[in-house]
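Comments concern the structure below.
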Amino acid sequence: MDAAEFDRRARGTYVDWIPSDLVARLIELGHLDRVQQGASFGDWHCARAWVEQLAGEGRQDDALAVLAPYIEAGSWNAARVHAELLERWGYAEEAIAFVQVLSEAGVGKGSAFAYLTRLLARHGQGEAAYELLRPYVKESQFAAALVDVTEGLGRDEEVAELLAARIAAPAGGRPHVELGIPEPENVVGLLAVVRERQGRVDEAVALLRTRKVTSVNGRDQLADLLARRERIEDLRAYAAEDPLGGAATALAELLELRGDIEGAVDVYRAAAAESPNPAVLLALLLARHGRGDEAIGVLRALPWAKGGSEDWVVDILCTLYVDQRRAEEGLTYLDGVLARFDSPSWEYVRLRPRLLAACGRLEQAIEELRAGVDDPFVAEELATLLADAGRPEEAVAALGSADRSLRASLLVTLGRIDEAMALFHPTA
């Protein structure tokens with residue numbers, strides 16, 4: 001492969017690469033030569049796995065040699081792995097020097113700089129990391145790094161003052177400032193982290209109550225803090241006022257962890273009156289504790305106006321029916337759902353063949369899917385059903401050219417490795 005194509009692949013997105021789960025499958029089946037070949041073609045998932053294989057065999061120089069062309073192509077992922085390996089092998093100073101060069105070159109859009117500071121802190125140079133980060137507290141990733149590297153340095157009050165100054169700073173004109181969110185947008189949460197580790201938990205709680213945005217990636221920092229400190233009554237009060245349900249989730253998780261299953265059930269039941277999300281969490285909680293029939297009842301009773309019509313809720317309910325060996329009832333329920341629509345979406349329709357298969361009516365499920373196999377979504381569903389039934393040859397035939405990743409996985413299962421690799425590396 002020429003250098004330009006290697007660079008394009010090495011710096012590309014995962015779309016260009018063999019999926020990581022398929023790489024793992026190749027290794028499991030002993031096709032290490034194919035993984036090595038993929039690495040030589042600029043396939044990062046192959047390279048990452050091959051590097052770990054070499055490192056595990058003690059072939060340090062060979063592992064770093066695999067990473068070198070990726071680093072030359074500008075891949076921060078490869079550079080980070082290089083540094084991680086050096087650190088793992090006990091070469092901390094070499095790792096620091098390596099990342100420092102990348103940081104000065106601006107590699108990773110600041111990621112190398114943030115990584116460097118944490119690396120310094122892990123190896124007894126927290127003060128140096130603090131001085132490097134101090135001027136950049138207005139940037140989100142560097143402010144987060146500053147809080148991390150100063151833990152245990154005795155500089156918490158200085159860090160708190162820097163962060164508090166950012167909260168009080170005038171708006172910077174970015175769109176999120178219109179919502180009343182300071183820059184960096186994570187500054188309130190970071191200051192709360194510092195206050196908590198100082199033992200000033202009430203101040204941390206008060207800070208987090210001032211946030212405009214309370215949930216990030218499905219988690220609520222205030223709820224998690226109260227749960228961590230086992231302030232159950234405070235958490236219960238917060239759950240009563242939190243419209244997003246994050247506090248109720250944190251409270252129920254804490255109660256379940258403490259063995260108070262009924263308490264957790266009560267929390268979810270109260271929250272389920274407002275949203276389908278707690279109802280689903282309640283159903284999953286009940287199922288985890290051997291109360292599958294109750295779990296089904298919860299979701300069956302969920303009004304359509306409250307989200308019971310959403311395909312993801314129906315999907316979970318159908319899965320519960322199968323898990324409880326009540327697939328026939330699930331099929332009856334699903335057919336009732338489908339009857340509500342003149343033209344139901346694929347997200348609903350795809351559930352029917354799965355239920356049919358769970359009812360022992362596999363051939364009927366296959367025939368229903370074959371009727372619409374011209375649709376790539378239907379072809380993928382049919383191929384998956386056939387593969388699960390132990391019929392991979394038929395699955396490959398049904399799939400046609402749809403879903404490259406699934407087709408490659410099926411071909412690997414059949415031992416047709418050349419065909420599978422050619423789907424991603426046609427010039428191999």
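The way I read the labels, and the way they are meant: chains A, B, ... in the order of the structure tokens, residue 1 as the first residue of every chain, and ligand 1 as the first ligand shown, with later ones counted on from there.
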If you count only C-alpha atoms, which residues fall within 12 Å of Ala63 in chain A, apart from same-chain ones fewer than 3 positions away, as a tab-separated table (two decimals) with all heavy atoms, in the first residue's frame?
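And here is the file that came out, selection_12.tsv:
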chain	number	residue	atom	x	y	z
A	36	GLN	N	-1.85	-8.95	11.60
A	36	GLN	CA	-0.60	-8.28	11.26
A	36	GLN	C	-0.70	-7.60	9.89
A	36	GLN	O	-0.25	-6.47	9.71
A	36	GLN	CB	0.56	-9.27	11.27
A	36	GLN	CG	1.92	-8.65	10.97
A	36	GLN	CD	3.05	-9.66	10.97
A	36	GLN	OE1	2.81	-10.87	11.02
A	36	GLN	NE2	4.28	-9.19	10.93
A	39	ALA	N	-2.71	-4.46	10.15
A	39	ALA	CA	-1.91	-3.38	10.74
A	39	ALA	C	-1.02	-2.74	9.70
A	39	ALA	O	-0.84	-1.51	9.68
A	39	ALA	CB	-1.08	-3.93	11.89
A	47	ALA	N	-3.90	-2.87	14.19
A	47	ALA	CA	-2.62	-2.44	14.75
A	47	ALA	C	-2.65	-2.46	16.28
A	47	ALA	O	-1.71	-2.94	16.93
A	47	ALA	CB	-2.27	-1.04	14.26
A	48	ARG	N	-3.74	-1.99	16.84
A	48	ARG	CA	-3.85	-1.93	18.30
A	48	ARG	C	-3.78	-3.35	18.89
A	48	ARG	O	-3.08	-3.60	19.88
A	48	ARG	CB	-5.18	-1.27	18.69
A	48	ARG	CG	-5.37	-1.09	20.20
A	48	ARG	CD	-4.46	0.00	20.71
A	48	ARG	NE	-4.59	0.19	22.14
A	48	ARG	CZ	-3.92	-0.48	23.06
A	48	ARG	NH1	-3.06	-1.41	22.70
A	48	ARG	NH2	-4.08	-0.21	24.34
A	49	ALA	N	-4.50	-4.28	18.27
A	49	ALA	CA	-4.50	-5.66	18.76
A	49	ALA	C	-3.14	-6.32	18.54
A	49	ALA	O	-2.66	-7.07	19.40
A	49	ALA	CB	-5.60	-6.45	18.06
A	50	TRP	N	-2.51	-6.05	17.41
A	50	TRP	CA	-1.21	-6.65	17.11
A	50	TRP	C	-0.14	-6.14	18.07
A	50	TRP	O	0.72	-6.89	18.53
A	50	TRP	CB	-0.84	-6.37	15.66
A	50	TRP	CG	0.44	-6.98	15.19
A	50	TRP	CD1	1.48	-6.35	14.59
A	50	TRP	CD2	0.83	-8.36	15.24
A	50	TRP	NE1	2.49	-7.23	14.27
A	50	TRP	CE2	2.12	-8.48	14.67
A	50	TRP	CE3	0.21	-9.51	15.73
A	50	TRP	CZ2	2.80	-9.70	14.58
A	50	TRP	CZ3	0.88	-10.73	15.65
A	50	TRP	CH2	2.16	-10.80	15.08
A	51	VAL	N	-0.22	-4.86	18.39
A	51	VAL	CA	0.72	-4.27	19.35
A	51	VAL	C	0.59	-4.96	20.71
A	51	VAL	O	1.59	-5.30	21.35
A	51	VAL	CB	0.49	-2.75	19.47
A	51	VAL	CG1	1.17	-2.19	20.72
A	51	VAL	CG2	0.99	-2.04	18.23
A	52	GLU	N	-0.64	-5.17	21.16
A	52	GLU	CA	-0.85	-5.84	22.45
A	52	GLU	C	-0.34	-7.27	22.40
A	52	GLU	O	0.21	-7.77	23.39
A	52	GLU	CB	-2.33	-5.81	22.83
A	52	GLU	CG	-2.80	-4.49	23.39
A	52	GLU	CD	-2.04	-4.09	24.64
A	52	GLU	OE1	-1.73	-4.96	25.48
A	52	GLU	OE2	-1.74	-2.89	24.79
A	53	GLN	N	-0.51	-7.94	21.27
A	53	GLN	CA	-0.01	-9.30	21.12
A	53	GLN	C	1.52	-9.33	21.26
A	53	GLN	O	2.08	-10.15	21.98
A	53	GLN	CB	-0.43	-9.85	19.75
A	53	GLN	CG	-0.07	-11.30	19.50
A	53	GLN	CD	-0.93	-12.28	20.29
A	53	GLN	OE1	-2.03	-11.95	20.69
A	53	GLN	NE2	-0.39	-13.47	20.52
A	54	LEU	N	2.17	-8.40	20.56
A	54	LEU	CA	3.63	-8.33	20.62
A	54	LEU	C	4.11	-7.96	22.01
A	54	LEU	O	5.09	-8.53	22.52
A	54	LEU	CB	4.14	-7.32	19.59
A	54	LEU	CG	3.92	-7.69	18.11
A	54	LEU	CD1	4.24	-6.50	17.21
A	54	LEU	CD2	4.79	-8.89	17.73
A	55	ALA	N	3.44	-7.00	22.62
A	55	ALA	CA	3.84	-6.57	23.96
A	55	ALA	C	3.70	-7.72	24.95
A	55	ALA	O	4.54	-7.92	25.83
A	55	ALA	CB	2.99	-5.39	24.40
A	56	GLY	N	2.63	-8.50	24.80
A	56	GLY	CA	2.41	-9.63	25.68
A	56	GLY	C	3.47	-10.71	25.54
A	56	GLY	O	3.72	-11.48	26.47
A	57	GLU	N	4.11	-10.74	24.37
A	57	GLU	CA	5.19	-11.70	24.13
A	57	GLU	C	6.56	-11.13	24.50
A	57	GLU	O	7.57	-11.78	24.29
A	57	GLU	CB	5.19	-12.10	22.66
A	57	GLU	CG	3.94	-12.86	22.22
A	57	GLU	CD	3.88	-13.08	20.71
A	57	GLU	OE1	4.85	-12.69	20.02
A	57	GLU	OE2	2.87	-13.63	20.23
A	58	GLY	N	6.56	-9.90	25.06
A	58	GLY	CA	7.82	-9.28	25.45
A	58	GLY	C	8.60	-8.68	24.28
A	58	GLY	O	9.78	-8.34	24.44
A	59	ARG	N	7.98	-8.53	23.14
A	59	ARG	CA	8.66	-8.00	21.95
A	59	ARG	C	8.45	-6.47	21.89
A	59	ARG	O	7.71	-5.95	21.06
A	59	ARG	CB	8.14	-8.69	20.70
A	59	ARG	CG	8.41	-10.19	20.69
A	59	ARG	CD	7.61	-10.94	19.64
A	59	ARG	NE	7.90	-10.47	18.28
A	59	ARG	CZ	7.26	-10.93	17.20
A	59	ARG	NH1	6.32	-11.87	17.33
A	59	ARG	NH2	7.56	-10.47	16.00
A	60	GLN	N	9.12	-5.78	22.79
A	60	GLN	CA	8.88	-4.35	22.96
A	60	GLN	C	9.22	-3.55	21.71
A	60	GLN	O	8.42	-2.71	21.26
A	60	GLN	CB	9.68	-3.84	24.16
A	60	GLN	CG	9.25	-4.47	25.48
A	60	GLN	CD	10.04	-3.94	26.66
A	60	GLN	OE1	10.94	-3.13	26.51
A	60	GLN	NE2	9.71	-4.41	27.86
A	66	VAL	N	5.44	-1.16	15.16
A	66	VAL	CA	4.11	-1.18	14.54
A	66	VAL	C	3.44	0.19	14.67
A	66	VAL	O	2.78	0.67	13.75
A	66	VAL	CB	3.22	-2.27	15.17
A	66	VAL	CG1	1.79	-2.16	14.67
A	66	VAL	CG2	3.79	-3.65	14.87
A	67	LEU	N	3.64	0.82	15.81
A	67	LEU	CA	3.01	2.12	16.07
A	67	LEU	C	3.65	3.26	15.29
A	67	LEU	O	2.99	4.26	14.99
A	67	LEU	CB	3.07	2.44	17.56
A	67	LEU	CG	2.24	1.53	18.49
A	67	LEU	CD1	2.59	1.82	19.94
A	67	LEU	CD2	0.75	1.75	18.24
A	68	ALA	N	4.94	3.13	14.96
A	68	ALA	CA	5.70	4.25	14.40
A	68	ALA	C	5.05	4.89	13.17
A	68	ALA	O	4.90	6.13	13.12
A	68	ALA	CB	7.13	3.80	14.09
A	69	PRO	N	4.64	4.12	12.15
A	69	PRO	CA	4.06	4.79	10.97
A	69	PRO	C	2.73	5.47	11.28
A	69	PRO	O	2.39	6.47	10.62
A	69	PRO	CB	3.89	3.64	9.97
A	69	PRO	CG	3.91	2.39	10.77
A	69	PRO	CD	4.80	2.67	11.94
A	78	ALA	N	-2.33	6.36	18.38
A	78	ALA	CA	-1.11	5.55	18.36
A	78	ALA	C	-0.06	6.13	19.30
A	78	ALA	O	0.65	5.39	20.01
A	78	ALA	CB	-0.56	5.46	16.94
A	81	VAL	N	-0.86	5.18	22.88
A	81	VAL	CA	-0.53	3.79	23.17
A	81	VAL	C	0.98	3.63	23.34
A	81	VAL	O	1.44	2.90	24.23
A	81	VAL	CB	-1.05	2.87	22.05
A	81	VAL	CG1	-0.54	1.44	22.23
A	81	VAL	CG2	-2.58	2.88	22.03
A	82	HIS	N	1.76	4.32	22.51
A	82	HIS	CA	3.22	4.28	22.64
A	82	HIS	C	3.63	4.74	24.04
A	82	HIS	O	4.45	4.07	24.71
A	82	HIS	CB	3.83	5.19	21.56
A	82	HIS	CG	5.32	5.25	21.56
A	82	HIS	ND1	6.08	4.71	20.54
A	82	HIS	CD2	6.22	5.77	22.44
A	82	HIS	CE1	7.36	4.91	20.80
A	82	HIS	NE2	7.46	5.56	21.95
A	83	ALA	N	3.06	5.84	24.49
A	83	ALA	CA	3.40	6.36	25.82
A	83	ALA	C	2.94	5.41	26.91
A	83	ALA	O	3.66	5.19	27.90
A	83	ALA	CB	2.76	7.74	26.01
A	84	GLU	N	1.75	4.84	26.75
A	84	GLU	CA	1.24	3.90	27.75
A	84	GLU	C	2.14	2.68	27.89
A	84	GLU	O	2.37	2.18	29.00
A	84	GLU	CB	-0.18	3.46	27.37
A	84	GLU	CG	-1.23	4.55	27.54
A	84	GLU	CD	-2.57	4.17	26.93
A	84	GLU	OE1	-2.63	3.11	26.25
A	84	GLU	OE2	-3.54	4.93	27.11
A	85	LEU	N	2.64	2.21	26.75
A	85	LEU	CA	3.53	1.05	26.80
A	85	LEU	C	4.84	1.39	27.50
A	85	LEU	O	5.33	0.61	28.34
A	85	LEU	CB	3.82	0.56	25.38
A	85	LEU	CG	2.67	-0.15	24.66
A	85	LEU	CD1	3.04	-0.44	23.21
A	85	LEU	CD2	2.28	-1.44	25.38
A	86	LEU	N	5.41	2.53	27.17
A	86	LEU	CA	6.64	2.93	27.85
A	86	LEU	C	6.44	3.02	29.36
A	86	LEU	O	7.27	2.54	30.15
A	86	LEU	CB	7.13	4.28	27.30
A	86	LEU	CG	7.67	4.29	25.88
A	86	LEU	CD1	7.98	5.73	25.45
A	86	LEU	CD2	8.92	3.43	25.75
Give me, as a VMD selection string, all polymer residues having an atom no more than 12 Å from range 230-234 of chain A, counting only C-alpha atoms and skipping those fewer than 4 positions away in the same chain.
chain A and resid 201 to 202 205 222 to 226 238 to 241 247 to 248 250 to 255 257 to 258 263 to 264 267
For Ala301 in chain A, list every protein, DNA or RNA residue within 12 Å, evaluated using only C-alpha atoms, and leave out those in the same chain fewer than 4 positions away; present the list as number ranges by chain.
A: 272-273, 276, 279-280, 283, 294-297, 305-309, 313-314, 317
For the atom pair CA of Leu286 in chain A and CA of Tyr321 in chain A, what is the interatomic distance in Å to one decimal place?
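Straight-line distance from CA of Leu286 in chain A to CA of Tyr321 in chain A works out to 13.4 Å.
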Please identify all polymer residues within 9 Å of Ala379 in chain A, counting only C-alpha atoms, omitting same-chain residues fewer than 3 positions from it, and present them as number ranges by chain.
A: 369-370, 372-376, 382-384, 395, 398-400, 402-403
Please return, as JSON, numbers by chain, all residues of range 29-210 of chain A that DSSP assigns to helix (DSSP H, G or I) on the basis of the backbone.
{"A": [32, 33, 34, 35, 36, 37, 38, 39, 40, 44, 45, 46, 47, 48, 49, 50, 51, 52, 53, 54, 55, 56, 60, 61, 62, 63, 64, 65, 66, 67, 68, 69, 70, 71, 72, 76, 77, 78, 79, 80, 81, 82, 83, 84, 85, 86, 87, 88, 92, 93, 94, 95, 96, 97, 98, 99, 100, 101, 102, 103, 104, 111, 112, 113, 114, 115, 116, 117, 118, 119, 120, 121, 122, 126, 127, 128, 129, 130, 131, 132, 133, 134, 135, 136, 140, 141, 142, 143, 144, 145, 146, 147, 148, 149, 156, 157, 158, 159, 160, 161, 162, 163, 164, 165, 166, 167, 168, 175, 176, 177, 178, 179, 187, 188, 189, 190, 191, 192, 193, 194, 195, 196, 197, 201, 202, 203, 204, 205, 206, 207, 208]}
Residue list (strand (DSSP E), DSSP) for range 52-271 of chain A, as a ChimeraX atom specification
/A:215-216,219-220
How would the residues just chosen look if you wrote them out with N, CA, C and O atoms as a CSV table (one decimal), in the first residue's frame?
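Below you can see result-v9.csv, which holds the result:
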chain,number,residue,atom,x,y,z
A,215,SER,N,-27.6,17.3,34.2
A,215,SER,CA,-27.3,15.9,33.8
A,215,SER,C,-26.3,15.9,32.6
A,215,SER,O,-26.6,16.6,31.6
A,216,VAL,N,-25.3,15.1,32.7
A,216,VAL,CA,-24.3,14.9,31.6
A,216,VAL,C,-24.1,13.5,31.4
A,216,VAL,O,-23.7,12.7,32.3
A,219,ARG,N,-25.8,11.1,33.8
A,219,ARG,CA,-25.5,11.1,35.2
A,219,ARG,C,-25.6,12.5,35.8
A,219,ARG,O,-25.4,13.5,35.1
A,220,ASP,N,-26.1,12.5,37.0
A,220,ASP,CA,-26.2,13.8,37.7
A,220,ASP,C,-25.2,13.8,38.8
A,220,ASP,O,-25.2,13.0,39.7
Can you tell me which residues surround Leu320 in chain A at a distance of at most 8 Å, considering only C-alpha atoms, apart from same-chain residues fewer than 2 positions away, and format the answer as a list in words?
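Listed by chain and then number, they are Ala287, Gly292, Ala295, Ile296, Ile316, Leu317, Cys318, Val322, Asp323 and Gln324 of chain A.
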Point-to-point distance in Å for CA of Leu406 in chain A and CA of His31 in chain A:
18.1 Å
May I have the residues within 6 Å of range 331-333 of chain A as a PyMOL selection string, using only C-alpha atoms and disregarding those fewer than 3 positions away in the same chain?
chain A and resi 328+336+355
For the atom pair CA of Gly42 in chain A and CA of Glu5 in chain A, what is the interatomic distance in Å to one decimal place?
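Between CA of Gly42 in chain A and CA of Glu5 in chain A the gap works out to 8.0 Å.
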Return as a Markdown table the residues of range 166-249 of chain A lying at most 8 Å from range 154-161 of chain A, together with the closest atom-to-atom pair for each and the distance in Å to one decimal, counting only C-alpha atoms, with rows in chain order and ascending residue number.
| residue | atom | partner | partner_atom | distance |
| --- | --- | --- | --- | --- |
| A:Leu191 | CA | A:Ala160 | CA | 5.9 |
| A:Val194 | CA | A:Asp156 | CA | 6.3 |
| A:Arg195 | CA | A:Ala160 | CA | 7.6 |
| A:Gln198 | CA | A:Asp156 | CA | 7.3 |
Save the residues we just selected, all heavy atoms, as a CSV table (one decimal), in the first residue's frame?
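The result, written out as part_23.csv:
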chain,number,residue,atom,x,y,z
A,191,LEU,N,-15.2,22.6,40.6
A,191,LEU,CA,-15.0,23.2,41.9
A,191,LEU,C,-15.7,22.4,43.0
A,191,LEU,O,-15.2,22.3,44.1
A,191,LEU,CB,-15.6,24.7,41.9
A,191,LEU,CG,-15.5,25.5,43.1
A,191,LEU,CD1,-14.1,25.5,43.7
A,191,LEU,CD2,-16.0,26.9,42.9
A,194,VAL,N,-13.4,19.7,44.0
A,194,VAL,CA,-12.3,20.2,44.9
A,194,VAL,C,-12.9,20.3,46.3
A,194,VAL,O,-12.3,19.9,47.3
A,194,VAL,CB,-11.7,21.5,44.4
A,194,VAL,CG1,-10.7,22.0,45.4
A,194,VAL,CG2,-11.1,21.2,43.1
A,195,ARG,N,-14.1,21.0,46.4
A,195,ARG,CA,-14.7,21.2,47.7
A,195,ARG,C,-15.0,19.9,48.5
A,195,ARG,O,-14.8,19.7,49.7
A,195,ARG,CB,-16.0,22.0,47.6
A,195,ARG,CG,-15.7,23.5,47.2
A,195,ARG,CD,-14.8,24.2,48.1
A,195,ARG,NE,-14.6,25.6,47.8
A,195,ARG,CZ,-13.6,26.4,48.1
A,195,ARG,NH1,-12.5,25.8,48.8
A,195,ARG,NH2,-13.6,27.7,47.9
A,198,GLN,N,-11.9,18.4,49.9
A,198,GLN,CA,-11.5,19.2,51.1
A,198,GLN,C,-12.4,18.8,52.3
A,198,GLN,O,-12.1,19.3,53.4
A,198,GLN,CB,-11.6,20.7,50.8
A,198,GLN,CG,-10.6,21.3,49.8
A,198,GLN,CD,-10.8,22.7,49.6
A,198,GLN,OE1,-11.8,23.2,49.1
A,198,GLN,NE2,-9.8,23.5,50.0
Write out as a list of chain:residue names which residues come within 9 Å of Pro353 in chain A when counting only C-alpha atoms, dropping same-chain ones fewer than 6 positions away.
A:Arg361, A:Leu362, A:Gln364, A:Ala365, A:Ile366, A:Glu368, A:Leu369, A:Glu381, A:Leu382, A:Leu385
Those residues you just picked out, can you put them in a file as a PDB file, in the first residue's frame with C-alpha atoms?
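Okay, out06.pdb is ready:
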ATOM      1  CA  ARG A 361     -41.568 -20.981  14.691  1.00  0.00           C
ATOM      2  CA  LEU A 362     -38.221 -20.300  13.060  1.00  0.00           C
ATOM      3  CA  GLN A 364     -42.211 -18.836   9.675  1.00  0.00           C
ATOM      4  CA  ALA A 365     -39.931 -16.059  10.894  1.00  0.00           C
ATOM      5  CA  ILE A 366     -37.510 -16.723   8.032  1.00  0.00           C
ATOM      6  CA  GLU A 368     -41.730 -13.448   6.712  1.00  0.00           C
ATOM      7  CA  LEU A 369     -38.314 -11.828   6.452  1.00  0.00           C
ATOM      8  CA  GLU A 381     -32.217  -9.127  10.332  1.00  0.00           C
ATOM      9  CA  LEU A 382     -32.661 -12.298   8.277  1.00  0.00           C
ATOM     10  CA  LEU A 385     -31.594 -14.859  12.538  1.00  0.00           C
TER      11      LEU A 385
END
